[in-house]
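See below for the structure under consideration.
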Amino acid sequence: MSRIPFYPPSGVYSDSYRKDMRIVKTGKQRLMAIAGLVFLAALPFIPGLNAPYHLRLLIGIGIAVIVALGLNILTGYCGQLNVGQSAFMMVGAFTSGMLNAYWGWPFWASVIPGGLAAAGVGVIFGIPSVRLKGLYLALTTLGAQIILTWIALYGVTVTSAGFTVEPVRLGGIVFNTPQKFYYVALAFTLGMALAAKNLMRSRLGRAFIAIRDNDRAAEGMGIDIFKYKLLAFAICTFYAGIGGALLVHYMMWAQLESFTLQDSVWYVAMIIVGGLGSIEGTIFGVIFITVLKELVLVVGPMAQETLSFLPIGAASGMMLVFIGSVAILFGVLEPRGMAHRWSLIKSFYRLWPFGY
Amino acid sequence: MLTLSNVEVKYAGVILVLRGVSLQVPEGKIVALLGSNGAGKTTTLKAISGLLRTELGEVTAGSIEFCGGRIDRVDPEQIARQGIIQVMEGRKVLKHLTVEENLRLGGYIRPAAEVRSDMEMVYAYFPRLREKRTAVTGYLSGGEQQMALIGRAMMARPRLMLLDEPSMGLAPLIVAEIYAIIQRLAAEEGATILLVEQNARAALRISDYAYVMENGRVVLDGPSAALAENEDIREFYLGMGKLGERKNFREVKTYKRRKRWL
Amino acid sequence: MLVISGMMNGAIYGLVALGFVLVYKASAVLNFAQGYMLLFGAYLFWFFRVTVGLPLVLAMIAAVAAGFAGGALIERLTLRRLIGQPLISMVTVTIFLSLVLEGLVSMIWGTYPLQHVAAFPESTIRLGKMVLTTQSLIAFGLALLAAGALIVFFRFTRIGLAMRGVAEGHQIMQSMGISVRRILNVSWGLAGVAATVGGILLGSTLGFQLGMSHIGLLAIPAAFIGGLESPEGAILGGLLIGLIESIVSGYVGNAAGVPAAFVVLILTMLVRPYGFFGLERIERV
Ligand SMILES: Nc1ncnc2c1ncn2[C@@H]1O[C@H](COP(=O)(O)OP(=O)(O)OP(=O)(O)O)[C@@H](O)[C@H]1O
Ligand SMILES: [Mg+2]
């Protein structure tokens, strides 16, 4: 999977690796980053944009970004496939939720255990398959989705019916409205994204890439493949767990329906559309798919009403067909995802008006 | 029958491997292509058979003509159906299939009615294959695998057979056996063969004409008998000095220099 | 009783697993859409039988033909364009394909179960203490028959042999003038056939409903236990999974059958990483 490297504008050069590895390279970039942050922070106060609907959408996007980032670390950087991401999210969600609801742990104390529990369960499912060459992790994660859902449904009484979870509190503030929770989601999303970006610039990230590109050669270079694949999978499921913990504290209610096989497939679609192995791409992909889903949610029932020949349930089918096709199109026509397009557009802008 | 003129080949758009190769294979003749490791012999064969494109390779200049038609832009399947069959180096048998199944697949492009009789012909040339015909090919010895490979190519009744290093890694006795069969093939069936070899001595003995490649270029060519007498060839490929004595290092160096100018 | 009914369904899983094996063998692609191809094939049969009103045998033939065309079309439109791309792109495409297929079914036929169609006469046979429906008996027989036909096809026909060849290396096949693309196309077509036949059989015993795809998922553990590459293995794997499913859901209840099948898949992976009937990998040179 070769990708076109992203070159900084001319005149910007690095005289050390350290500088070259920086995320923010130019003054202008720094300015844009700060402007973006200010905009995001001020958003709940901007009239027109601060409707609860928008904020809920944004919160959903933020949580999905966290979960999809984990998946992209595994798939994009390590070349393994996970089709049970939402089940691991569920593990994190129920762990954190139950710690809160039954033992009174506050959100801040239960979010990390949620992530760790997901990672722990992930490792159990990962061990049999990561030893094998090939995409067998896809099989065991499919198994994880089915087995974990079953356990939650029949094995643990509280999880099958759902239960209430307390909102996030910090000092005297209770984050129980979209306006308030928005900041929690924003902080976590930015934090987890930065962590992912940094992780992937590190030695670990390079080891992952080496495994993805050629696991034999990676082994030859002294990389313990088994360990690293498992580690990548643990990171992936940890992110899922954190996302799940956030979700239940936001909804203040934990239920099984939020974690289906279809949700897992959405996460795969998000990273494929956004671009494998790209942090920015993940964010694009999540936004793209989420907005598409919302669109279909609006258009679907309308179509169902006007076109009377459609059977009951056609609207939900429409969503599957539509988004599935979009994802296939991306997979077939632009395997490198939107991130690749974006870097092409960026370089076009930078070089304009002198193409090439 | 086959004409390459000034063929240039690049892999992945950047690695220039053939730098203008020209050669001809006349009908009914055995032509040998010699050269050291990495000279581009296999690449030349793949350019002819079209398999290049399955490895991101591409003919970027020059042309390849077969029986009057250009084939350098044709799919490998089509080229094989036109009658050019490549026997790849490294014993690429279908390991999990039996010998007979390998042969049947070799005759895939032939009318079903003739496959049986062609198989008998192959067995007549390679009696050992008949003995092993229900054996899984992956468990045959190297020599037997090589025979299965040549037999498989014969099943397609090729008008031109491209043979890549049939002697690689085989014991001298087996090599002699295989070469004898190749010679018989040419004599009895009138087969046209382009033979790539490291083993210059054997190749020069059975071929009619030979080309020598270095670094992606043809540096020398001529009738095989003449080449076998050629001083440089004798010294460099056959390991014999002018009078059959061994060379010292100083002299080898001068050959290297000379070789570059060839 | 559980054993018998398990074997009955198991034969169908085996049949669907065979479709999975067909694709995996030729192209190393794990086809996650196999269960949804089954769903689609079953609904196609329902369409021909009920909506069009064809007689039973004609409806089956029409559905099977459509299943072949559908499978081949999928290959033509999506996977062929990915030749040369990393395997992971192909596998993810099959995942999205399952969304599209499920979506199409619910767009065309809705999400409620369809009116029941009996593919075969319904009566019961007593065998000692056991009661069997002719339905499931015929389904069992047909599944085994179809599977046997495919095995014979692999062994003795030209194109079946070519498929086994393609599984060993695309370049070798091309060097012999065999079009790998065509073979892959036919593989997908046959996978569609296996899915459709499985769908018809499953639908006529369990009813035509969206949940069928979930049952089709069982083909994945069945194929894996069978070694992913061997048709015989797929059938045996299917029977085994059918057995486990019916015994576990009989004793544990709560739809534990499907999770149990995946537990077995994971355990198999630990003990026999390449299944029980996979090709012995010949690694000598
Ligand atoms: N698929 C490929 N991609 C990139 N480079 C290649 C590829 N195949 C061959 N090459 C390069 O082309 C050059 C010539 O290779 P080729 O296989 O044609 O040599 P050869 O003459 O057959 O050597 P040998 O006698 O060792 O078989 C080598 O330097 C090799 O590295
Ligand atoms: Mg070679």
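Residues in the structure tokens are named by chain (A, B, ... in the order shown) and by number from 1 within that chain; ligands are numbered from 1 in the order shown.
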(request) Tell me, as a PyMOL selection string, which residues lie within 9 Å of Ala72 (chain C), counting only C-alpha atoms; anything in the same chain fewer than 6 positions away does not count. (result) chain C and resi 184-192
Now that the selection is made, can you save its residues with N, CA, C and O atoms as a PDB file, in the first residue's frame?
```
ATOM      1  N   LEU C 184     -12.250 -17.324 -11.968  1.00  0.00           N
ATOM      2  CA  LEU C 184     -12.730 -16.678 -10.748  1.00  0.00           C
ATOM      3  C   LEU C 184     -14.206 -16.322 -10.885  1.00  0.00           C
ATOM      4  O   LEU C 184     -14.999 -16.476  -9.954  1.00  0.00           O
ATOM      5  N   ASN C 185     -14.556 -15.864 -12.090  1.00  0.00           N
ATOM      6  CA  ASN C 185     -15.938 -15.522 -12.355  1.00  0.00           C
ATOM      7  C   ASN C 185     -16.850 -16.724 -12.143  1.00  0.00           C
ATOM      8  O   ASN C 185     -17.877 -16.636 -11.471  1.00  0.00           O
ATOM      9  N   VAL C 186     -16.444 -17.857 -12.694  1.00  0.00           N
ATOM     10  CA  VAL C 186     -17.254 -19.064 -12.538  1.00  0.00           C
ATOM     11  C   VAL C 186     -17.291 -19.488 -11.066  1.00  0.00           C
ATOM     12  O   VAL C 186     -18.323 -19.923 -10.561  1.00  0.00           O
ATOM     13  N   SER C 187     -16.164 -19.335 -10.363  1.00  0.00           N
ATOM     14  CA  SER C 187     -16.151 -19.695  -8.941  1.00  0.00           C
ATOM     15  C   SER C 187     -17.217 -18.924  -8.188  1.00  0.00           C
ATOM     16  O   SER C 187     -17.951 -19.485  -7.377  1.00  0.00           O
ATOM     17  N   TRP C 188     -17.268 -17.626  -8.463  1.00  0.00           N
ATOM     18  CA  TRP C 188     -18.273 -16.810  -7.764  1.00  0.00           C
ATOM     19  C   TRP C 188     -19.673 -17.220  -8.184  1.00  0.00           C
ATOM     20  O   TRP C 188     -20.596 -17.250  -7.360  1.00  0.00           O
ATOM     21  N   GLY C 189     -19.832 -17.525  -9.453  1.00  0.00           N
ATOM     22  CA  GLY C 189     -21.140 -17.986  -9.908  1.00  0.00           C
ATOM     23  C   GLY C 189     -21.556 -19.240  -9.153  1.00  0.00           C
ATOM     24  O   GLY C 189     -22.675 -19.337  -8.648  1.00  0.00           O
ATOM     25  N   LEU C 190     -20.637 -20.171  -9.034  1.00  0.00           N
ATOM     26  CA  LEU C 190     -20.958 -21.412  -8.323  1.00  0.00           C
ATOM     27  C   LEU C 190     -21.200 -21.160  -6.841  1.00  0.00           C
ATOM     28  O   LEU C 190     -22.065 -21.800  -6.230  1.00  0.00           O
ATOM     29  N   ALA C 191     -20.451 -20.220  -6.282  1.00  0.00           N
ATOM     30  CA  ALA C 191     -20.703 -19.865  -4.885  1.00  0.00           C
ATOM     31  C   ALA C 191     -22.135 -19.359  -4.763  1.00  0.00           C
ATOM     32  O   ALA C 191     -22.838 -19.660  -3.789  1.00  0.00           O
ATOM     33  N   GLY C 192     -22.575 -18.594  -5.760  1.00  0.00           N
ATOM     34  CA  GLY C 192     -23.956 -18.122  -5.776  1.00  0.00           C
ATOM     35  C   GLY C 192     -24.933 -19.283  -5.856  1.00  0.00           C
ATOM     36  O   GLY C 192     -25.963 -19.289  -5.182  1.00  0.00           O
TER      37      GLY C 192
END
```
(request) Let me have all residues with an atom within 8 Å of ligand 2, counting only C-alpha atoms and all ligand atoms, laid out as a PyMOL selection string. (result) chain B and resi 37-38+40-43+89+164-165+196
I need the residues from that last selection saved to file as an mmCIF file, in the first residue's frame (with N, CA and C atoms), if you can.
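Okay, out.cif is ready:
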```
data_model
loop_
_atom_site.group_PDB
_atom_site.id
_atom_site.type_symbol
_atom_site.label_atom_id
_atom_site.label_comp_id
_atom_site.auth_asym_id
_atom_site.auth_seq_id
_atom_site.Cartn_x
_atom_site.Cartn_y
_atom_site.Cartn_z
ATOM 1 N N ASN B 37 23.679 -14.233 -13.809
ATOM 2 C CA ASN B 37 22.505 -13.936 -12.981
ATOM 3 C C ASN B 37 22.112 -12.474 -13.098
ATOM 4 N N GLY B 38 20.828 -12.252 -13.254
ATOM 5 C CA GLY B 38 20.345 -10.879 -13.295
ATOM 6 C C GLY B 38 20.573 -10.183 -14.610
ATOM 7 N N GLY B 40 18.851 -10.501 -17.223
ATOM 8 C CA GLY B 40 17.558 -10.152 -17.806
ATOM 9 C C GLY B 40 16.996 -11.229 -18.717
ATOM 10 N N LYS B 41 17.501 -12.445 -18.581
ATOM 11 C CA LYS B 41 17.027 -13.528 -19.451
ATOM 12 C C LYS B 41 15.571 -13.869 -19.155
ATOM 13 N N THR B 42 15.286 -14.073 -17.873
ATOM 14 C CA THR B 42 13.912 -14.413 -17.511
ATOM 15 C C THR B 42 12.962 -13.287 -17.905
ATOM 16 N N THR B 43 13.423 -12.074 -17.688
ATOM 17 C CA THR B 43 12.600 -10.929 -18.055
ATOM 18 C C THR B 43 12.292 -10.943 -19.552
ATOM 19 N N GLU B 89 10.988 -20.761 -14.676
ATOM 20 C CA GLU B 89 12.090 -21.291 -13.874
ATOM 21 C C GLU B 89 11.581 -21.577 -12.461
ATOM 22 N N ASP B 164 12.937 -21.958 -19.418
ATOM 23 C CA ASP B 164 13.793 -21.171 -18.527
ATOM 24 C C ASP B 164 14.571 -22.092 -17.587
ATOM 25 N N GLU B 165 15.856 -22.195 -17.823
ATOM 26 C CA GLU B 165 16.769 -22.959 -16.959
ATOM 27 C C GLU B 165 16.242 -24.337 -16.567
ATOM 28 N N VAL B 196 16.734 -20.705 -22.183
ATOM 29 C CA VAL B 196 17.567 -19.874 -21.322
ATOM 30 C C VAL B 196 18.405 -20.789 -20.451
#
```
(message) Applying 12 Å and only C-alpha atoms, which residues near Ile4 (chain C) remain after dropping the ones on its own chain fewer than 6 positions away? List them as a PyMOL selection string.
(response) chain C and resi 10-11+127+130-133+136-137+140+239-240+242-247
Residue selection dump (N, CA, C and O atoms) as a PDB file, in the first residue's frame:
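File written: out20.pdb
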```pdb
ATOM      1  N   GLY C  10     -27.134 -29.350   9.223  1.00  0.00           N
ATOM      2  CA  GLY C  10     -25.691 -29.362   8.983  1.00  0.00           C
ATOM      3  C   GLY C  10     -25.369 -29.551   7.519  1.00  0.00           C
ATOM      4  O   GLY C  10     -24.435 -28.943   6.995  1.00  0.00           O
ATOM      5  N   ALA C  11     -26.155 -30.401   6.852  1.00  0.00           N
ATOM      6  CA  ALA C  11     -25.897 -30.618   5.433  1.00  0.00           C
ATOM      7  C   ALA C  11     -26.056 -29.302   4.668  1.00  0.00           C
ATOM      8  O   ALA C  11     -25.296 -29.005   3.743  1.00  0.00           O
ATOM      9  N   LEU C 127     -39.627 -42.976  12.558  1.00  0.00           N
ATOM     10  CA  LEU C 127     -38.516 -43.933  12.534  1.00  0.00           C
ATOM     11  C   LEU C 127     -38.311 -44.342  13.986  1.00  0.00           C
ATOM     12  O   LEU C 127     -37.638 -43.653  14.744  1.00  0.00           O
ATOM     13  N   MET C 130     -38.435 -41.568  16.574  1.00  0.00           N
ATOM     14  CA  MET C 130     -38.188 -40.248  15.997  1.00  0.00           C
ATOM     15  C   MET C 130     -39.234 -39.889  14.954  1.00  0.00           C
ATOM     16  O   MET C 130     -39.732 -40.734  14.225  1.00  0.00           O
ATOM     17  N   VAL C 131     -39.498 -38.601  14.883  1.00  0.00           N
ATOM     18  CA  VAL C 131     -40.408 -38.101  13.861  1.00  0.00           C
ATOM     19  C   VAL C 131     -39.607 -37.194  12.939  1.00  0.00           C
ATOM     20  O   VAL C 131     -38.960 -36.258  13.386  1.00  0.00           O
ATOM     21  N   LEU C 132     -39.655 -37.499  11.673  1.00  0.00           N
ATOM     22  CA  LEU C 132     -38.930 -36.662  10.716  1.00  0.00           C
ATOM     23  C   LEU C 132     -39.926 -36.087   9.738  1.00  0.00           C
ATOM     24  O   LEU C 132     -40.890 -36.755   9.356  1.00  0.00           O
ATOM     25  N   THR C 133     -39.683 -34.859   9.312  1.00  0.00           N
ATOM     26  CA  THR C 133     -40.532 -34.340   8.249  1.00  0.00           C
ATOM     27  C   THR C 133     -39.868 -34.708   6.929  1.00  0.00           C
ATOM     28  O   THR C 133     -38.639 -34.755   6.826  1.00  0.00           O
ATOM     29  N   SER C 136     -37.383 -31.977   5.725  1.00  0.00           N
ATOM     30  CA  SER C 136     -35.976 -31.912   6.135  1.00  0.00           C
ATOM     31  C   SER C 136     -35.207 -33.091   5.555  1.00  0.00           C
ATOM     32  O   SER C 136     -34.023 -32.973   5.243  1.00  0.00           O
ATOM     33  N   LEU C 137     -35.926 -34.188   5.367  1.00  0.00           N
ATOM     34  CA  LEU C 137     -35.260 -35.356   4.798  1.00  0.00           C
ATOM     35  C   LEU C 137     -34.827 -35.066   3.363  1.00  0.00           C
ATOM     36  O   LEU C 137     -33.686 -35.336   2.967  1.00  0.00           O
ATOM     37  N   PHE C 140     -32.033 -32.624   3.301  1.00  0.00           N
ATOM     38  CA  PHE C 140     -30.774 -33.282   3.639  1.00  0.00           C
ATOM     39  C   PHE C 140     -30.212 -34.009   2.416  1.00  0.00           C
ATOM     40  O   PHE C 140     -29.046 -33.835   2.042  1.00  0.00           O
ATOM     41  N   LEU C 239     -21.729 -30.606   8.755  1.00  0.00           N
ATOM     42  CA  LEU C 239     -22.462 -31.581   9.561  1.00  0.00           C
ATOM     43  C   LEU C 239     -22.110 -31.418  11.040  1.00  0.00           C
ATOM     44  O   LEU C 239     -22.971 -31.426  11.907  1.00  0.00           O
ATOM     45  N   LEU C 240     -20.812 -31.237  11.298  1.00  0.00           N
ATOM     46  CA  LEU C 240     -20.358 -31.089  12.674  1.00  0.00           C
ATOM     47  C   LEU C 240     -20.988 -29.862  13.323  1.00  0.00           C
ATOM     48  O   LEU C 240     -21.505 -29.906  14.449  1.00  0.00           O
ATOM     49  N   GLY C 242     -23.683 -28.337  12.394  1.00  0.00           N
ATOM     50  CA  GLY C 242     -25.116 -28.546  12.547  1.00  0.00           C
ATOM     51  C   GLY C 242     -25.410 -29.337  13.819  1.00  0.00           C
ATOM     52  O   GLY C 242     -26.315 -29.003  14.588  1.00  0.00           O
ATOM     53  N   LEU C 243     -24.591 -30.333  14.035  1.00  0.00           N
ATOM     54  CA  LEU C 243     -24.728 -31.173  15.216  1.00  0.00           C
ATOM     55  C   LEU C 243     -24.557 -30.358  16.494  1.00  0.00           C
ATOM     56  O   LEU C 243     -25.393 -30.399  17.401  1.00  0.00           O
ATOM     57  N   ILE C 244     -23.446 -29.615  16.527  1.00  0.00           N
ATOM     58  CA  ILE C 244     -23.159 -28.808  17.713  1.00  0.00           C
ATOM     59  C   ILE C 244     -24.276 -27.809  17.949  1.00  0.00           C
ATOM     60  O   ILE C 244     -24.767 -27.654  19.066  1.00  0.00           O
ATOM     61  N   GLU C 245     -24.695 -27.167  16.864  1.00  0.00           N
ATOM     62  CA  GLU C 245     -25.719 -26.141  17.001  1.00  0.00           C
ATOM     63  C   GLU C 245     -26.977 -26.734  17.612  1.00  0.00           C
ATOM     64  O   GLU C 245     -27.528 -26.201  18.566  1.00  0.00           O
ATOM     65  N   SER C 246     -27.396 -27.889  17.059  1.00  0.00           N
ATOM     66  CA  SER C 246     -28.683 -28.379  17.532  1.00  0.00           C
ATOM     67  C   SER C 246     -28.580 -28.952  18.946  1.00  0.00           C
ATOM     68  O   SER C 246     -29.475 -28.785  19.754  1.00  0.00           O
ATOM     69  N   ILE C 247     -27.454 -29.587  19.256  1.00  0.00           N
ATOM     70  CA  ILE C 247     -27.318 -30.135  20.609  1.00  0.00           C
ATOM     71  C   ILE C 247     -27.225 -29.014  21.639  1.00  0.00           C
ATOM     72  O   ILE C 247     -27.922 -29.008  22.651  1.00  0.00           O
TER      73      ILE C 247
END
```
(message) If we count only C-alpha atoms and set the cut-off at 7 Å, which residues sit around region 75-91 of chain C, ignoring sequence neighbours fewer than 3 positions away in its own chain? Please answer as a ChimeraX atom specification.
(response) /A:331-332 /C:29-31,71-72,94-95,185,188
How about saving the chosen residues, N, CA and C atoms kept, as an mmCIF file, in the first residue's frame?
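part-v8.cif written:
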```cif
data_model
loop_
_atom_site.group_PDB
_atom_site.id
_atom_site.type_symbol
_atom_site.label_atom_id
_atom_site.label_comp_id
_atom_site.auth_asym_id
_atom_site.auth_seq_id
_atom_site.Cartn_x
_atom_site.Cartn_y
_atom_site.Cartn_z
ATOM 1 N N GLY A 331 -13.929 1.405 -1.824
ATOM 2 C CA GLY A 331 -12.997 0.282 -1.773
ATOM 3 C C GLY A 331 -12.446 -0.060 -3.148
ATOM 4 N N VAL A 332 -13.303 0.080 -4.172
ATOM 5 C CA VAL A 332 -12.884 -0.333 -5.504
ATOM 6 C C VAL A 332 -12.156 0.794 -6.243
ATOM 7 N N VAL C 29 -9.873 -15.240 -0.786
ATOM 8 C CA VAL C 29 -10.737 -14.214 -0.204
ATOM 9 C C VAL C 29 -11.742 -14.883 0.735
ATOM 10 N N LEU C 30 -11.804 -14.373 1.977
ATOM 11 C CA LEU C 30 -12.838 -14.826 2.900
ATOM 12 C C LEU C 30 -14.105 -14.069 2.534
ATOM 13 N N ASN C 31 -15.107 -14.765 2.046
ATOM 14 C CA ASN C 31 -16.298 -14.083 1.556
ATOM 15 C C ASN C 31 -17.344 -13.947 2.655
ATOM 16 N N GLY C 71 -23.825 -14.209 -8.550
ATOM 17 C CA GLY C 71 -22.463 -14.402 -8.056
ATOM 18 C C GLY C 71 -21.438 -13.917 -9.059
ATOM 19 N N ALA C 72 -21.652 -14.291 -10.325
ATOM 20 C CA ALA C 72 -20.705 -13.890 -11.364
ATOM 21 C C ALA C 72 -20.687 -12.374 -11.517
ATOM 22 N N THR C 94 -16.290 -7.606 0.441
ATOM 23 C CA THR C 94 -17.339 -8.614 0.661
ATOM 24 C C THR C 94 -18.170 -8.276 1.905
ATOM 25 N N ILE C 95 -17.541 -7.618 2.871
ATOM 26 C CA ILE C 95 -18.312 -7.221 4.058
ATOM 27 C C ILE C 95 -19.387 -6.202 3.669
ATOM 28 N N ASN C 185 -14.556 -15.864 -12.090
ATOM 29 C CA ASN C 185 -15.938 -15.522 -12.355
ATOM 30 C C ASN C 185 -16.850 -16.724 -12.143
ATOM 31 N N TRP C 188 -17.268 -17.626 -8.463
ATOM 32 C CA TRP C 188 -18.273 -16.810 -7.764
ATOM 33 C C TRP C 188 -19.673 -17.220 -8.184
#
```
(request) Could you please select, counting only C-alpha atoms, the residues of chain C within 8 Å of chain A and state them as a ChimeraX atom specification? (result) /C:78-79,81-82,86,88-89,92-93,95-97,99-112,220,254,256,258-260,262-263,265-267,269-270,273
Near region 59-69 of chain B, counting only C-alpha atoms, which residues have an atom at most 12 Å away, once you skip same-chain residues fewer than 5 positions from it, shown as a JSON list (two decimals) with C-alpha atoms, in the first residue's frame?
```json
[["chain", "number", "residue", "atom", "x", "y", "z"],
["B", 1, "MET", "CA", 8.99, -16.70, -36.40],
["B", 2, "LEU", "CA", 9.64, -14.57, -33.32],
["B", 3, "THR", "CA", 11.34, -11.21, -33.59],
["B", 4, "LEU", "CA", 12.24, -8.86, -30.76],
["B", 5, "SER", "CA", 13.48, -5.47, -31.81],
["B", 6, "ASN", "CA", 14.94, -3.00, -29.37],
["B", 7, "VAL", "CA", 12.76, -4.17, -26.55],
["B", 8, "GLU", "CA", 13.00, -2.12, -23.41],
["B", 9, "VAL", "CA", 11.36, -3.36, -20.20],
["B", 10, "LYS", "CA", 10.68, -1.55, -16.98],
["B", 11, "TYR", "CA", 9.36, -2.93, -13.72],
["B", 12, "ALA", "CA", 7.02, -0.74, -11.70],
["B", 13, "GLY", "CA", 7.71, 2.09, -14.12],
["B", 14, "VAL", "CA", 11.15, 2.77, -12.69],
["B", 15, "ILE", "CA", 13.42, -0.24, -12.81],
["B", 16, "LEU", "CA", 14.87, -0.45, -16.29],
["B", 17, "VAL", "CA", 15.85, -4.06, -16.82],
["B", 18, "LEU", "CA", 16.04, -4.61, -20.58],
["B", 19, "ARG", "CA", 17.79, -1.87, -22.51],
["B", 20, "GLY", "CA", 17.03, -2.58, -26.12],
["B", 21, "VAL", "CA", 17.13, -6.31, -26.72],
["B", 22, "SER", "CA", 16.87, -7.60, -30.27],
["B", 23, "LEU", "CA", 16.78, -11.24, -31.17],
["B", 24, "GLN", "CA", 15.16, -13.68, -33.56],
["B", 25, "VAL", "CA", 13.94, -17.22, -33.24],
["B", 26, "PRO", "CA", 13.48, -18.93, -36.61],
["B", 27, "GLU", "CA", 10.94, -21.72, -37.00],
["B", 43, "THR", "CA", 12.60, -10.93, -18.05],
["B", 44, "THR", "CA", 13.06, -11.38, -21.80],
["B", 45, "LEU", "CA", 11.01, -14.57, -21.72],
["B", 46, "LYS", "CA", 8.31, -12.94, -19.64],
["B", 47, "ALA", "CA", 8.18, -10.04, -22.06],
["B", 48, "ILE", "CA", 7.53, -12.52, -24.85],
["B", 49, "SER", "CA", 4.93, -14.57, -22.98],
["B", 50, "GLY", "CA", 3.24, -11.50, -21.55],
["B", 51, "LEU", "CA", 3.63, -12.68, -17.97],
["B", 52, "LEU", "CA", 5.59, -9.52, -17.33],
["B", 53, "ARG", "CA", 2.41, -7.64, -16.76],
["B", 74, "VAL", "CA", -1.54, -8.83, -25.63],
["B", 79, "ILE", "CA", -0.31, -15.22, -26.16],
["B", 80, "ALA", "CA", -0.39, -18.75, -24.80],
["B", 82, "GLN", "CA", -1.40, -18.20, -29.99],
["B", 83, "GLY", "CA", 1.08, -20.95, -29.23],
["B", 84, "ILE", "CA", 3.83, -19.51, -27.04],
["B", 159, "ARG", "CA", 4.52, -23.45, -31.74],
["B", 160, "LEU", "CA", 7.23, -21.87, -29.63]]
```
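Closest to Tyr125 (chain B) among B:Gly142, B:Gly151, B:Gly106, B:Pro111 is B:Gly151, based on only C-alpha atoms.
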(request) Could you give me the residues within region 49-184 of chain B that DSSP places in alpha helix (DSSP H), as number ranges by chain? (result) B: 49, 76-81, 99-106, 112-125, 127-131, 142-155, 172-184
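Note that the spacing between atom 2 (C, counted along the ligand's line) of ligand 1 and CA of Ala200 (chain B) amounts to 24.4 Å.
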(request) Starting from chain B, keep only residues with some atom at most 8 Å from an atom of chain C, counting only C-alpha atoms, and report them as a count of residues only. (result) 28
(message) I need the residues of region 44-220 of chain B that end up classed as strand (DSSP E) by DSSP on the backbone, written out as a ChimeraX atom specification.
(response) /B:57-66,69-70,84-87,160-164,192-197,209-214,217-220
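The residue set within 8 Å of Phe94 (chain A), counting only C-alpha atoms and dropping same-chain residues fewer than 5 places from it, reads A:Gly114, A:Thr159, A:Gly244, A:Ala245, A:Val248, A:Ala254.
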Go ahead and save the picked residues with C-alpha atoms, as a tab-separated table (two decimals), in the first residue's frame.
```
chain	number	residue	atom	x	y	z
A	114	GLY	CA	-13.69	0.05	30.66
A	159	THR	CA	-26.95	-6.15	30.55
A	244	GLY	CA	-18.15	2.59	24.75
A	245	ALA	CA	-17.62	4.01	28.24
A	248	VAL	CA	-23.10	5.03	28.11
A	254	ALA	CA	-26.57	1.20	28.73
```
(request) Would you mind listing what lies within 12 Å of region 151-153 of chain C as a count of residues only, with only C-alpha atoms counted and same-chain residues fewer than 3 positions away left out? (result) 28
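For the pair CA of Leu73 (chain C) and CA of Gly41 (chain C), the interatomic distance is 13.8 Å.
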(message) Would you compute the distance between CA of Val130 (chain A) and CA of Val91 (chain A)? Give it in Å to one decimal.
(response) 20.6 Å
